[in-house]
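Taking it in order: structure first as structure tokens, then the write-up.
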Amino acid sequence: MTTPRPPFQLTLDLPMPGRGEAPRPVAREIEVATAAPGPESPAQTANLMEAICDPDSIEAALRAVVRNKGAPGAGGITVRQLPGILKARWPEIENQPLQGRYQPQPVRRVQIPKPAGGTRDLGIPTVIDRVIQQAVLQRLQPLWDPTFSEHSYGFRPGRSAQQAVAQTQAYVTEGHRFVVDIDLAKFWILLHTIRTVMRLG
């Protein structure tokens, strides 16, 4: 029988920025995240599925899916065929999410080459599932996005990797010396000096 290892937390001695969400009076602290009692979000969720399935919402989702193009999923239906199929089958499709019976179809897996060699798996949902996903996103994103950190740039409307790089450069100008790059998918944490990352002498 093995003895359980005690939990460890890493505390980095970094200069604290003069602005931020929660300025701290001292540099050496450990942030403790505790869940608040009750719902995580004060967002209004009554009739949310009805709002998702609203004709205007579905029309906007359809336009977004058609605009993004993309390959057909496992069902073989193309983006070009999608408007006609939705028009013919929408009452039947709409009832599934409204009654809590909606089941996404299997995702078609394809492998795409990586720039540095090798391949990575990419899942392609059916075009009908993409419309439903887009309609859900359109309704939920305005509810959850305001709760994100102002320093979060990933996969958010109006945010980009270029903005994240520009903010990093601003931190360098303010005198910060470290960049922490976190790859959650592989659970690697890489610590670089800003001099190496940005090739500063």
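Here's how to read the names in the structure tokens: chain A, B, ... by the order shown, residue numbers from 1 in each chain, ligand numbers from 1 in the order shown.
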
Can you pull out the residues contacting Val107 (chain A)? Cut-off 9 Å, using only C-alpha atoms, and skip same-chain residues under 5 positions away; I want them as number ranges by chain. A: 73-74, 123-126

To test your reading of the structure, identify every residue in region 114-176 of chain A that backbone DSSP assigns to alpha helix (DSSP H), and report it as a VMD selection string. chain A and resid 127 to 144 161 to 173

Taking N, CA and C atoms for each residue, export the selection above as a PDB file, in the first residue's frame.
```pdb
ATOM      1  N   VAL A 127     -23.778  18.516 -40.511  1.00  0.00           N
ATOM      2  CA  VAL A 127     -24.130  19.923 -40.684  1.00  0.00           C
ATOM      3  C   VAL A 127     -25.349  20.304 -39.842  1.00  0.00           C
ATOM      4  N   ILE A 128     -26.276  19.367 -39.634  1.00  0.00           N
ATOM      5  CA  ILE A 128     -27.438  19.663 -38.781  1.00  0.00           C
ATOM      6  C   ILE A 128     -26.984  19.876 -37.340  1.00  0.00           C
ATOM      7  N   ASP A 129     -26.066  19.022 -36.851  1.00  0.00           N
ATOM      8  CA  ASP A 129     -25.538  19.214 -35.500  1.00  0.00           C
ATOM      9  C   ASP A 129     -24.796  20.535 -35.383  1.00  0.00           C
ATOM     10  N   ARG A 130     -24.128  20.953 -36.450  1.00  0.00           N
ATOM     11  CA  ARG A 130     -23.405  22.226 -36.408  1.00  0.00           C
ATOM     12  C   ARG A 130     -24.375  23.395 -36.275  1.00  0.00           C
ATOM     13  N   VAL A 131     -25.536  23.293 -36.906  1.00  0.00           N
ATOM     14  CA  VAL A 131     -26.545  24.352 -36.766  1.00  0.00           C
ATOM     15  C   VAL A 131     -27.038  24.416 -35.328  1.00  0.00           C
ATOM     16  N   ILE A 132     -27.339  23.252 -34.731  1.00  0.00           N
ATOM     17  CA  ILE A 132     -27.809  23.231 -33.340  1.00  0.00           C
ATOM     18  C   ILE A 132     -26.727  23.781 -32.412  1.00  0.00           C
ATOM     19  N   GLN A 133     -25.474  23.355 -32.611  1.00  0.00           N
ATOM     20  CA  GLN A 133     -24.370  23.843 -31.778  1.00  0.00           C
ATOM     21  C   GLN A 133     -24.220  25.355 -31.895  1.00  0.00           C
ATOM     22  N   GLN A 134     -24.328  25.861 -33.118  1.00  0.00           N
ATOM     23  CA  GLN A 134     -24.197  27.307 -33.337  1.00  0.00           C
ATOM     24  C   GLN A 134     -25.337  28.064 -32.661  1.00  0.00           C
ATOM     25  N   ALA A 135     -26.550  27.515 -32.731  1.00  0.00           N
ATOM     26  CA  ALA A 135     -27.700  28.168 -32.093  1.00  0.00           C
ATOM     27  C   ALA A 135     -27.525  28.208 -30.574  1.00  0.00           C
ATOM     28  N   VAL A 136     -27.002  27.120 -30.000  1.00  0.00           N
ATOM     29  CA  VAL A 136     -26.724  27.092 -28.560  1.00  0.00           C
ATOM     30  C   VAL A 136     -25.661  28.127 -28.210  1.00  0.00           C
ATOM     31  N   LEU A 137     -24.591  28.155 -28.997  1.00  0.00           N
ATOM     32  CA  LEU A 137     -23.505  29.116 -28.759  1.00  0.00           C
ATOM     33  C   LEU A 137     -24.019  30.548 -28.790  1.00  0.00           C
ATOM     34  N   GLN A 138     -24.862  30.872 -29.768  1.00  0.00           N
ATOM     35  CA  GLN A 138     -25.372  32.236 -29.915  1.00  0.00           C
ATOM     36  C   GLN A 138     -26.129  32.698 -28.679  1.00  0.00           C
ATOM     37  N   ARG A 139     -26.830  31.770 -28.025  1.00  0.00           N
ATOM     38  CA  ARG A 139     -27.614  32.141 -26.843  1.00  0.00           C
ATOM     39  C   ARG A 139     -26.782  32.106 -25.565  1.00  0.00           C
ATOM     40  N   LEU A 140     -25.850  31.159 -25.458  1.00  0.00           N
ATOM     41  CA  LEU A 140     -25.098  31.017 -24.209  1.00  0.00           C
ATOM     42  C   LEU A 140     -23.903  31.960 -24.113  1.00  0.00           C
ATOM     43  N   GLN A 141     -23.255  32.227 -25.242  1.00  0.00           N
ATOM     44  CA  GLN A 141     -22.044  33.045 -25.184  1.00  0.00           C
ATOM     45  C   GLN A 141     -22.273  34.424 -24.564  1.00  0.00           C
ATOM     46  N   PRO A 142     -23.365  35.128 -24.901  1.00  0.00           N
ATOM     47  CA  PRO A 142     -23.581  36.422 -24.236  1.00  0.00           C
ATOM     48  C   PRO A 142     -23.798  36.301 -22.729  1.00  0.00           C
ATOM     49  N   LEU A 143     -24.194  35.117 -22.255  1.00  0.00           N
ATOM     50  CA  LEU A 143     -24.402  34.921 -20.822  1.00  0.00           C
ATOM     51  C   LEU A 143     -23.097  34.621 -20.096  1.00  0.00           C
ATOM     52  N   TRP A 144     -22.233  33.792 -20.715  1.00  0.00           N
ATOM     53  CA  TRP A 144     -21.028  33.390 -19.995  1.00  0.00           C
ATOM     54  C   TRP A 144     -19.819  34.281 -20.274  1.00  0.00           C
ATOM     55  N   ALA A 161      -5.357  35.969 -30.960  1.00  0.00           N
ATOM     56  CA  ALA A 161      -4.001  35.664 -30.504  1.00  0.00           C
ATOM     57  C   ALA A 161      -3.108  36.891 -30.661  1.00  0.00           C
ATOM     58  N   GLN A 162      -3.349  37.681 -31.697  1.00  0.00           N
ATOM     59  CA  GLN A 162      -2.550  38.893 -31.901  1.00  0.00           C
ATOM     60  C   GLN A 162      -2.723  39.868 -30.737  1.00  0.00           C
ATOM     61  N   GLN A 163      -3.938  39.966 -30.209  1.00  0.00           N
ATOM     62  CA  GLN A 163      -4.172  40.841 -29.052  1.00  0.00           C
ATOM     63  C   GLN A 163      -3.434  40.309 -27.825  1.00  0.00           C
ATOM     64  N   ALA A 164      -3.402  38.973 -27.671  1.00  0.00           N
ATOM     65  CA  ALA A 164      -2.690  38.388 -26.534  1.00  0.00           C
ATOM     66  C   ALA A 164      -1.200  38.703 -26.632  1.00  0.00           C
ATOM     67  N   VAL A 165      -0.634  38.623 -27.833  1.00  0.00           N
ATOM     68  CA  VAL A 165       0.796  38.945 -28.024  1.00  0.00           C
ATOM     69  C   VAL A 165       1.040  40.423 -27.731  1.00  0.00           C
ATOM     70  N   ALA A 166       0.148  41.285 -28.196  1.00  0.00           N
ATOM     71  CA  ALA A 166       0.301  42.723 -27.939  1.00  0.00           C
ATOM     72  C   ALA A 166       0.251  43.010 -26.438  1.00  0.00           C
ATOM     73  N   GLN A 167      -0.645  42.317 -25.707  1.00  0.00           N
ATOM     74  CA  GLN A 167      -0.728  42.518 -24.258  1.00  0.00           C
ATOM     75  C   GLN A 167       0.548  42.022 -23.576  1.00  0.00           C
ATOM     76  N   THR A 168       1.097  40.899 -24.070  1.00  0.00           N
ATOM     77  CA  THR A 168       2.350  40.384 -23.520  1.00  0.00           C
ATOM     78  C   THR A 168       3.475  41.394 -23.721  1.00  0.00           C
ATOM     79  N   GLN A 169       3.530  41.996 -24.892  1.00  0.00           N
ATOM     80  CA  GLN A 169       4.553  43.015 -25.159  1.00  0.00           C
ATOM     81  C   GLN A 169       4.384  44.212 -24.222  1.00  0.00           C
ATOM     82  N   ALA A 170       3.134  44.564 -23.932  1.00  0.00           N
ATOM     83  CA  ALA A 170       2.893  45.667 -22.994  1.00  0.00           C
ATOM     84  C   ALA A 170       3.401  45.308 -21.603  1.00  0.00           C
ATOM     85  N   TYR A 171       3.219  44.041 -21.185  1.00  0.00           N
ATOM     86  CA  TYR A 171       3.733  43.615 -19.888  1.00  0.00           C
ATOM     87  C   TYR A 171       5.255  43.694 -19.857  1.00  0.00           C
ATOM     88  N   VAL A 172       5.909  43.359 -20.965  1.00  0.00           N
ATOM     89  CA  VAL A 172       7.371  43.453 -21.029  1.00  0.00           C
ATOM     90  C   VAL A 172       7.804  44.899 -20.827  1.00  0.00           C
ATOM     91  N   THR A 173       7.101  45.795 -21.500  1.00  0.00           N
ATOM     92  CA  THR A 173       7.415  47.223 -21.371  1.00  0.00           C
ATOM     93  C   THR A 173       7.244  47.692 -19.933  1.00  0.00           C
TER      94      THR A 173
END
```

Residues within 10 Å of Thr78 (chain A), only C-alpha atoms, excluding chain neighbours under 2 positions, as a PDB file with all heavy atoms, in the first residue's frame:
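What ended up in selection-v1.pdb:
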```
ATOM      1  N   VAL A  66     -23.339  27.959 -43.038  1.00  0.00           N
ATOM      2  CA  VAL A  66     -23.140  28.059 -44.484  1.00  0.00           C
ATOM      3  C   VAL A  66     -21.927  28.931 -44.786  1.00  0.00           C
ATOM      4  O   VAL A  66     -21.106  28.612 -45.659  1.00  0.00           O
ATOM      5  CB  VAL A  66     -24.413  28.599 -45.170  1.00  0.00           C
ATOM      6  CG1 VAL A  66     -24.149  28.947 -46.634  1.00  0.00           C
ATOM      7  CG2 VAL A  66     -25.537  27.576 -45.069  1.00  0.00           C
ATOM      8  N   LYS A  69     -18.674  27.133 -44.302  1.00  0.00           N
ATOM      9  CA  LYS A  69     -18.489  26.034 -45.250  1.00  0.00           C
ATOM     10  C   LYS A  69     -18.098  24.766 -44.496  1.00  0.00           C
ATOM     11  O   LYS A  69     -18.777  24.388 -43.558  1.00  0.00           O
ATOM     12  CB  LYS A  69     -17.473  26.421 -46.325  1.00  0.00           C
ATOM     13  CG  LYS A  69     -17.918  27.654 -47.113  1.00  0.00           C
ATOM     14  CD  LYS A  69     -16.893  28.048 -48.132  1.00  0.00           C
ATOM     15  CE  LYS A  69     -17.362  29.318 -48.845  1.00  0.00           C
ATOM     16  NZ  LYS A  69     -16.370  29.831 -49.765  1.00  0.00           N
ATOM     17  N   GLY A  70     -17.047  24.105 -44.889  1.00  0.00           N
ATOM     18  CA  GLY A  70     -16.624  22.885 -44.200  1.00  0.00           C
ATOM     19  C   GLY A  70     -17.152  21.627 -44.860  1.00  0.00           C
ATOM     20  O   GLY A  70     -18.111  21.649 -45.643  1.00  0.00           O
ATOM     21  N   ALA A  71     -16.524  20.533 -44.517  1.00  0.00           N
ATOM     22  CA  ALA A  71     -16.839  19.228 -45.098  1.00  0.00           C
ATOM     23  C   ALA A  71     -18.087  18.639 -44.448  1.00  0.00           C
ATOM     24  O   ALA A  71     -18.438  18.997 -43.323  1.00  0.00           O
ATOM     25  CB  ALA A  71     -15.654  18.284 -44.908  1.00  0.00           C
ATOM     26  N   PRO A  72     -18.753  17.715 -45.137  1.00  0.00           N
ATOM     27  CA  PRO A  72     -19.904  17.049 -44.517  1.00  0.00           C
ATOM     28  C   PRO A  72     -19.465  16.118 -43.399  1.00  0.00           C
ATOM     29  O   PRO A  72     -18.341  15.624 -43.393  1.00  0.00           O
ATOM     30  CB  PRO A  72     -20.536  16.263 -45.685  1.00  0.00           C
ATOM     31  CG  PRO A  72     -19.470  16.131 -46.703  1.00  0.00           C
ATOM     32  CD  PRO A  72     -18.539  17.291 -46.527  1.00  0.00           C
ATOM     33  N   GLY A  73     -20.358  15.897 -42.456  1.00  0.00           N
ATOM     34  CA  GLY A  73     -20.079  14.975 -41.365  1.00  0.00           C
ATOM     35  C   GLY A  73     -20.435  13.553 -41.760  1.00  0.00           C
ATOM     36  O   GLY A  73     -20.517  13.209 -42.940  1.00  0.00           O
ATOM     37  N   GLY A  75     -23.156  11.977 -41.780  1.00  0.00           N
ATOM     38  CA  GLY A  75     -24.384  11.800 -42.562  1.00  0.00           C
ATOM     39  C   GLY A  75     -24.217  12.048 -44.046  1.00  0.00           C
ATOM     40  O   GLY A  75     -25.081  11.693 -44.837  1.00  0.00           O
ATOM     41  N   GLY A  76     -23.116  12.686 -44.439  1.00  0.00           N
ATOM     42  CA  GLY A  76     -22.863  12.949 -45.849  1.00  0.00           C
ATOM     43  C   GLY A  76     -23.581  14.162 -46.404  1.00  0.00           C
ATOM     44  O   GLY A  76     -23.425  14.499 -47.581  1.00  0.00           O
ATOM     45  N   ARG A  80     -24.246  22.845 -48.782  1.00  0.00           N
ATOM     46  CA  ARG A  80     -25.117  23.310 -49.867  1.00  0.00           C
ATOM     47  C   ARG A  80     -26.514  22.697 -49.748  1.00  0.00           C
ATOM     48  O   ARG A  80     -27.513  23.352 -50.054  1.00  0.00           O
ATOM     49  CB  ARG A  80     -24.483  22.957 -51.204  1.00  0.00           C
ATOM     50  CG  ARG A  80     -25.298  23.406 -52.397  1.00  0.00           C
ATOM     51  CD  ARG A  80     -24.538  23.248 -53.671  1.00  0.00           C
ATOM     52  NE  ARG A  80     -23.527  24.280 -53.764  1.00  0.00           N
ATOM     53  CZ  ARG A  80     -22.734  24.451 -54.807  1.00  0.00           C
ATOM     54  NH1 ARG A  80     -22.809  23.644 -55.835  1.00  0.00           N
ATOM     55  NH2 ARG A  80     -21.850  25.416 -54.830  1.00  0.00           N
ATOM     56  N   GLN A  81     -26.595  21.444 -49.305  1.00  0.00           N
ATOM     57  CA  GLN A  81     -27.891  20.777 -49.165  1.00  0.00           C
ATOM     58  C   GLN A  81     -28.630  21.190 -47.894  1.00  0.00           C
ATOM     59  O   GLN A  81     -29.837  20.981 -47.774  1.00  0.00           O
ATOM     60  CB  GLN A  81     -27.690  19.249 -49.122  1.00  0.00           C
ATOM     61  CG  GLN A  81     -27.109  18.653 -50.384  1.00  0.00           C
ATOM     62  CD  GLN A  81     -26.694  17.203 -50.165  1.00  0.00           C
ATOM     63  OE1 GLN A  81     -25.959  16.892 -49.248  1.00  0.00           O
ATOM     64  NE2 GLN A  81     -27.206  16.317 -51.015  1.00  0.00           N
ATOM     65  N   LEU A  82     -27.906  21.753 -46.941  1.00  0.00           N
ATOM     66  CA  LEU A  82     -28.433  22.011 -45.603  1.00  0.00           C
ATOM     67  C   LEU A  82     -29.710  22.860 -45.578  1.00  0.00           C
ATOM     68  O   LEU A  82     -30.681  22.471 -44.917  1.00  0.00           O
ATOM     69  CB  LEU A  82     -27.345  22.636 -44.726  1.00  0.00           C
ATOM     70  CG  LEU A  82     -27.728  22.994 -43.306  1.00  0.00           C
ATOM     71  CD1 LEU A  82     -28.185  21.763 -42.532  1.00  0.00           C
ATOM     72  CD2 LEU A  82     -26.546  23.651 -42.591  1.00  0.00           C
ATOM     73  N   PRO A  83     -29.782  24.010 -46.255  1.00  0.00           N
ATOM     74  CA  PRO A  83     -31.011  24.822 -46.152  1.00  0.00           C
ATOM     75  C   PRO A  83     -32.271  24.062 -46.544  1.00  0.00           C
ATOM     76  O   PRO A  83     -33.294  24.143 -45.851  1.00  0.00           O
ATOM     77  CB  PRO A  83     -30.743  26.008 -47.089  1.00  0.00           C
ATOM     78  CG  PRO A  83     -29.257  26.122 -47.139  1.00  0.00           C
ATOM     79  CD  PRO A  83     -28.747  24.702 -47.049  1.00  0.00           C
ATOM     80  N   THR A 126     -22.033  16.476 -38.092  1.00  0.00           N
ATOM     81  CA  THR A 126     -22.942  16.647 -39.226  1.00  0.00           C
ATOM     82  C   THR A 126     -23.337  18.111 -39.322  1.00  0.00           C
ATOM     83  O   THR A 126     -23.270  18.859 -38.338  1.00  0.00           O
ATOM     84  CB  THR A 126     -24.203  15.780 -39.067  1.00  0.00           C
ATOM     85  OG1 THR A 126     -24.977  16.297 -37.977  1.00  0.00           O
ATOM     86  CG2 THR A 126     -23.865  14.319 -38.831  1.00  0.00           C
ATOM     87  N   VAL A 127     -23.778  18.516 -40.511  1.00  0.00           N
ATOM     88  CA  VAL A 127     -24.130  19.923 -40.684  1.00  0.00           C
ATOM     89  C   VAL A 127     -25.349  20.304 -39.842  1.00  0.00           C
ATOM     90  O   VAL A 127     -25.449  21.445 -39.367  1.00  0.00           O
ATOM     91  CB  VAL A 127     -24.355  20.256 -42.179  1.00  0.00           C
ATOM     92  CG1 VAL A 127     -23.047  20.256 -42.934  1.00  0.00           C
ATOM     93  CG2 VAL A 127     -25.355  19.316 -42.831  1.00  0.00           C
ATOM     94  N   ILE A 128     -26.276  19.367 -39.634  1.00  0.00           N
ATOM     95  CA  ILE A 128     -27.438  19.663 -38.781  1.00  0.00           C
ATOM     96  C   ILE A 128     -26.984  19.876 -37.340  1.00  0.00           C
ATOM     97  O   ILE A 128     -27.427  20.815 -36.661  1.00  0.00           O
ATOM     98  CB  ILE A 128     -28.488  18.547 -38.875  1.00  0.00           C
ATOM     99  CG1 ILE A 128     -29.120  18.550 -40.278  1.00  0.00           C
ATOM    100  CG2 ILE A 128     -29.580  18.725 -37.816  1.00  0.00           C
ATOM    101  CD1 ILE A 128     -30.071  17.407 -40.545  1.00  0.00           C
TER     102      ILE A 128
END
```

Selection: 12 Å around Asp145 (chain A), only C-alpha atoms, excl. self and same-chain fewer than 4 positions, as a list in words: Ser41, Ala43, Leu137, Gln138, Arg139, Leu140, Gln141, Ser149, Glu150, Ser152, Tyr153, Gly154, Phe155, Arg156, Pro157, Gly158 and Arg159 of chain A

Within region 46-188 of chain A, find each residue whose DSSP state, derived from the backbone, is strand (DSSP E), and express the selection as number ranges by chain. A: 108-113, 119-124, 178-183, 188

In Å and to one decimal, CA of Pro55 (chain A) is distant from CA of Gln105 (chain A) by 22.1 Å
